Amino acid sequence: MILQARNLGWRVGRTQIVGGVDLAVHEGETLGLVGPNGSGKSTLLRLLSGILKPTAGEVAVEGQQLGALPRRLAAQKIAYLEQQADTGEAITVRDAVELGRTPWLTPLQPWSHEDDRIVAEVLADADLHGFEKRYWATLSGGEKQRVHLARALAQRPRILLLDEPTNHLDVRHQLSILKLVAALPVTSIVALHDLNQALTCDRVGVMAGGRLVALGAPEEVLDVERIAEVFGVRASIVVDPADGARIFRLDHIR
Ligand SMILES: Nc1ncnc2c1ncn2[C@@H]1O[C@H](COP(=O)(O)OP(=O)(O)OP(=O)(O)O)[C@@H](O)[C@H]1O
């Protein structure tokens, strides 16, 4: 297991925000995390990233306790893309993406051609060609989102934690980014609101009330009864006759 959470929890005062999460993530898989607003997806990702210290349980990365890893080493292993990350700094797109290389640089191993190559590659992956010299503050929401993704990819992590990476993106970029993440030789956990996007993941975890209430193959976990129970909506499954793909149609429960 590349990432493992045992009885993971986080509380503020007496309020339990996330509790009792047991999760074993397989190397190379793309795990989708779905759940209603406030169900604890972001908090769980923050706990798995090490940004938030658990108040119960533990996280292990490649068998090592995350809390005991030096920050630099943790940042070489895990990249975390926050939901509404922003920066007030007057930096360019290229500066922002280059920051992703920070965990790998030392006085003995300064910036090299290899770092230039990686930055060029991730700028292309995130479809940011021609944006390198633009200032962050001048970008649209979707362009900023793609810069954040490029920065996370430049980190060349073993594990990529993405909090709603598609929420500002147009349809083409939503599709290309999810496809890119699935094709990368990296383990990814992706919080998503679109249940049809979740269907394309290797496995899906469902959060409700701070608990991981289901985990497994998308078609097993996202069944009509669970969607009604967790999201309070009626789902019907439509099959595309062209290729047999399943698509959710969602409506209010009357
Ligand atoms: N520092 C905090 N103090 C108090 N409550 C908090 C704190 N951080 C998070 N919460 C609460 O914990 C719950 C879970 O929040 P979280 O952001 O993890 O949910 P989420 O599933 O990511 O939601 P969304 O889909 O809206 O992004 C929410 O009700 C939120 O208000």
# chains A, B, ... in the order shown; residues from 1 in each chain; ligands from 1
>>> select_by_dssp(residues="stretch 93-176 of chain A", states="strand (DSSP E)", output="mmCIF file with C-alpha atoms, in the first residue's frame")
data_model
loop_
_atom_site.group_PDB
_atom_site.id
_atom_site.type_symbol
_atom_site.label_atom_id
_atom_site.label_comp_id
_atom_site.auth_asym_id
_atom_site.auth_seq_id
_atom_site.Cartn_x
_atom_site.Cartn_y
_atom_site.Cartn_z
ATOM 1 C CA ILE A 159 0.843 10.677 -4.604
ATOM 2 C CA LEU A 160 -1.332 13.446 -5.984
ATOM 3 C CA LEU A 161 -4.188 14.759 -3.802
ATOM 4 C CA LEU A 162 -6.587 16.911 -5.815
ATOM 5 C CA ASP A 163 -9.492 18.809 -4.285
#
>>> residues_near_ligand(ligand="ligand 1", cutoff="6 Å", atoms="only C-alpha atoms and all ligand atoms", output="number ranges by chain")
A: 12, 17, 36-43
>>> write_last_selection(atoms="N, CA and C atoms", output="PDB file, in the first residue's frame")
ATOM      1  N   VAL A  12     -12.657  19.500  16.047  1.00  0.00           N
ATOM      2  CA  VAL A  12     -12.430  20.868  16.527  1.00  0.00           C
ATOM      3  C   VAL A  12     -13.236  20.980  17.798  1.00  0.00           C
ATOM      4  N   ILE A  17     -15.175  16.311  12.911  1.00  0.00           N
ATOM      5  CA  ILE A  17     -15.323  16.698  11.499  1.00  0.00           C
ATOM      6  C   ILE A  17     -15.112  15.470  10.611  1.00  0.00           C
ATOM      7  N   PRO A  36     -21.577  14.864  -0.164  1.00  0.00           N
ATOM      8  CA  PRO A  36     -22.222  16.175  -0.176  1.00  0.00           C
ATOM      9  C   PRO A  36     -21.314  17.267   0.388  1.00  0.00           C
ATOM     10  N   ASN A  37     -21.709  18.516   0.213  1.00  0.00           N
ATOM     11  CA  ASN A  37     -20.993  19.644   0.821  1.00  0.00           C
ATOM     12  C   ASN A  37     -20.871  19.398   2.319  1.00  0.00           C
ATOM     13  N   GLY A  38     -19.686  19.642   2.847  1.00  0.00           N
ATOM     14  CA  GLY A  38     -19.482  19.541   4.293  1.00  0.00           C
ATOM     15  C   GLY A  38     -19.330  18.120   4.804  1.00  0.00           C
ATOM     16  N   SER A  39     -19.201  17.136   3.908  1.00  0.00           N
ATOM     17  CA  SER A  39     -19.106  15.742   4.365  1.00  0.00           C
ATOM     18  C   SER A  39     -17.686  15.361   4.808  1.00  0.00           C
ATOM     19  N   GLY A  40     -16.711  16.241   4.563  1.00  0.00           N
ATOM     20  CA  GLY A  40     -15.366  15.989   5.082  1.00  0.00           C
ATOM     21  C   GLY A  40     -14.325  15.628   4.040  1.00  0.00           C
ATOM     22  N   LYS A  41     -14.632  15.780   2.762  1.00  0.00           N
ATOM     23  CA  LYS A  41     -13.675  15.399   1.708  1.00  0.00           C
ATOM     24  C   LYS A  41     -12.383  16.227   1.797  1.00  0.00           C
ATOM     25  N   SER A  42     -12.541  17.556   1.879  1.00  0.00           N
ATOM     26  CA  SER A  42     -11.344  18.412   1.924  1.00  0.00           C
ATOM     27  C   SER A  42     -10.549  18.136   3.192  1.00  0.00           C
ATOM     28  N   THR A  43     -11.255  17.964   4.299  1.00  0.00           N
ATOM     29  CA  THR A  43     -10.557  17.704   5.559  1.00  0.00           C
ATOM     30  C   THR A  43      -9.777  16.395   5.467  1.00  0.00           C
TER      31      THR A  43
END
>>> atom_distance(atom1="atom CA of A:Thr15", atom2="atom CA of A:Leu44")
15.1 Å
>>> residues_around(residues="A:His168", least_positions_apart="4", cutoff="10 Å", atoms="only C-alpha atoms", output="list of chain:residue names")
A:Ser140, A:Gly141, A:Gly142, A:Glu143, A:Lys144, A:Gln145, A:Arg146, A:Glu164, A:His173, A:Gln174
>>> write_last_selection(atoms="N, CA and C atoms", output="PDB file, in the first residue's frame")
ATOM      1  N   SER A 140      -7.661  33.793 -15.632  1.00  0.00           N
ATOM      2  CA  SER A 140      -9.048  33.420 -15.322  1.00  0.00           C
ATOM      3  C   SER A 140      -9.036  32.306 -14.278  1.00  0.00           C
ATOM      4  N   GLY A 141     -10.194  32.012 -13.713  1.00  0.00           N
ATOM      5  CA  GLY A 141     -10.288  30.960 -12.693  1.00  0.00           C
ATOM      6  C   GLY A 141      -9.783  29.618 -13.195  1.00  0.00           C
ATOM      7  N   GLY A 142     -10.181  29.259 -14.409  1.00  0.00           N
ATOM      8  CA  GLY A 142      -9.774  27.963 -14.968  1.00  0.00           C
ATOM      9  C   GLY A 142      -8.288  27.915 -15.283  1.00  0.00           C
ATOM     10  N   GLU A 143      -7.746  29.063 -15.745  1.00  0.00           N
ATOM     11  CA  GLU A 143      -6.301  29.110 -16.030  1.00  0.00           C
ATOM     12  C   GLU A 143      -5.507  28.963 -14.730  1.00  0.00           C
ATOM     13  N   LYS A 144      -5.986  29.637 -13.666  1.00  0.00           N
ATOM     14  CA  LYS A 144      -5.320  29.496 -12.359  1.00  0.00           C
ATOM     15  C   LYS A 144      -5.330  28.034 -11.899  1.00  0.00           C
ATOM     16  N   GLN A 145      -6.476  27.402 -12.095  1.00  0.00           N
ATOM     17  CA  GLN A 145      -6.617  26.005 -11.694  1.00  0.00           C
ATOM     18  C   GLN A 145      -5.579  25.136 -12.417  1.00  0.00           C
ATOM     19  N   ARG A 146      -5.391  25.406 -13.705  1.00  0.00           N
ATOM     20  CA  ARG A 146      -4.433  24.612 -14.487  1.00  0.00           C
ATOM     21  C   ARG A 146      -3.004  24.902 -14.060  1.00  0.00           C
ATOM     22  N   GLU A 164     -11.251  18.869  -5.925  1.00  0.00           N
ATOM     23  CA  GLU A 164     -12.096  19.422  -6.998  1.00  0.00           C
ATOM     24  C   GLU A 164     -11.263  20.107  -8.084  1.00  0.00           C
ATOM     25  N   HIS A 173     -11.247  21.040 -20.923  1.00  0.00           N
ATOM     26  CA  HIS A 173     -10.152  20.929 -19.956  1.00  0.00           C
ATOM     27  C   HIS A 173     -10.508  19.973 -18.813  1.00  0.00           C
ATOM     28  N   GLN A 174     -11.802  19.887 -18.452  1.00  0.00           N
ATOM     29  CA  GLN A 174     -12.203  18.885 -17.438  1.00  0.00           C
ATOM     30  C   GLN A 174     -11.818  17.499 -17.921  1.00  0.00           C
TER      31      GLN A 174
END
>>> residues_around(residues="A:Gly130", least_positions_apart="3", cutoff="12 Å", atoms="only C-alpha atoms", output="list in words")
Thr92, Val93, Arg94, Ala120, Leu123, Ala124, Ala126, Asp127, Lys133, Arg134 and Glu143 of chain A
>>> closest_residue(among="A:His113, A:Glu225, A:Arg6, A:Ala183", to="A:Leu66", atoms="only C-alpha atoms")
A:Arg6
>>> residues_around(residues="stretch 54-64 of chain A", least_positions_apart="5", cutoff="7 Å", atoms="only C-alpha atoms", output="PDB file with C-alpha atoms, in the first residue's frame")
ATOM      1  CA  MET A   1       0.000   0.000   0.000  1.00  0.00           C
ATOM      2  CA  ILE A   2       1.373   3.369  -0.947  1.00  0.00           C
ATOM      3  CA  LEU A   3      -0.889   5.309   1.406  1.00  0.00           C
ATOM      4  CA  GLN A   4      -2.740   4.031   4.426  1.00  0.00           C
ATOM      5  CA  ALA A   5      -5.003   5.724   6.936  1.00  0.00           C
ATOM      6  CA  ARG A   6      -5.947   3.960  10.150  1.00  0.00           C
ATOM      7  CA  ASN A   7      -8.839   5.165  12.280  1.00  0.00           C
ATOM      8  CA  LEU A   8      -8.073   8.657  11.021  1.00  0.00           C
ATOM      9  CA  GLY A   9      -9.965  11.517  12.620  1.00  0.00           C
ATOM     10  CA  TRP A  10     -10.001  15.243  13.180  1.00  0.00           C
ATOM     11  CA  ARG A  11     -12.107  17.202  15.640  1.00  0.00           C
ATOM     12  CA  LEU A  47      -5.126  14.987   6.744  1.00  0.00           C
ATOM     13  CA  LEU A  48      -3.701  12.675   4.062  1.00  0.00           C
TER      14      LEU A  48
END
>>> residues_around(residues="A:Arg226", least_positions_apart="4", cutoff="10 Å", atoms="only C-alpha atoms", output="list in words")
Val206, Val213, Ala214, Glu220, Val221, Leu222, Val230, Phe231, Gly232, Val233, Arg234 and Ala235 of chain A
>>> write_last_selection(atoms="C-alpha atoms", output="mmCIF file, in the first residue's frame")
data_model
loop_
_atom_site.group_PDB
_atom_site.id
_atom_site.type_symbol
_atom_site.label_atom_id
_atom_site.label_comp_id
_atom_site.auth_asym_id
_atom_site.auth_seq_id
_atom_site.Cartn_x
_atom_site.Cartn_y
_atom_site.Cartn_z
ATOM 1 C CA VAL A 206 -18.111 8.012 -0.462
ATOM 2 C CA VAL A 213 -19.301 5.141 4.296
ATOM 3 C CA ALA A 214 -18.388 3.147 1.173
ATOM 4 C CA GLU A 220 -20.754 -1.089 -6.922
ATOM 5 C CA VAL A 221 -20.397 1.949 -4.689
ATOM 6 C CA LEU A 222 -22.457 4.409 -6.726
ATOM 7 C CA VAL A 230 -26.175 10.095 0.728
ATOM 8 C CA PHE A 231 -27.065 12.897 -1.701
ATOM 9 C CA GLY A 232 -30.854 12.951 -1.389
ATOM 10 C CA VAL A 233 -31.353 12.767 -5.157
ATOM 11 C CA ARG A 234 -32.877 10.248 -7.513
ATOM 12 C CA ALA A 235 -30.418 8.705 -9.928
#
>>> atom_distance(atom1="atom CA of A:His26", atom2="atom CA of A:Glu98")
28.8 Å
>>> residues_around(residues="A:Asn196", least_positions_apart="4", cutoff="9 Å", atoms="only C-alpha atoms", output="PyMOL selection string")
chain A and resi 200+246-248
>>> write_last_selection(atoms="N, CA and C atoms", output="tab-separated table (two decimals), in the first residue's frame")
chain	number	residue	atom	x	y	z
A	200	THR	N	-15.45	7.23	-13.75
A	200	THR	CA	-14.25	6.92	-14.55
A	200	THR	C	-13.04	6.58	-13.67
A	246	ARG	N	-22.06	3.80	-18.94
A	246	ARG	CA	-23.17	4.18	-18.06
A	246	ARG	C	-23.06	5.66	-17.70
A	247	ILE	N	-24.19	6.33	-17.70
A	247	ILE	CA	-24.22	7.75	-17.36
A	247	ILE	C	-25.34	7.96	-16.35
A	248	PHE	N	-25.08	8.77	-15.33
A	248	PHE	CA	-26.14	9.08	-14.37
A	248	PHE	C	-26.99	10.23	-14.85
>>> atom_distance(atom1="atom CA of A:Ala74", atom2="atom CA of A:Asp115")
19.0 Å
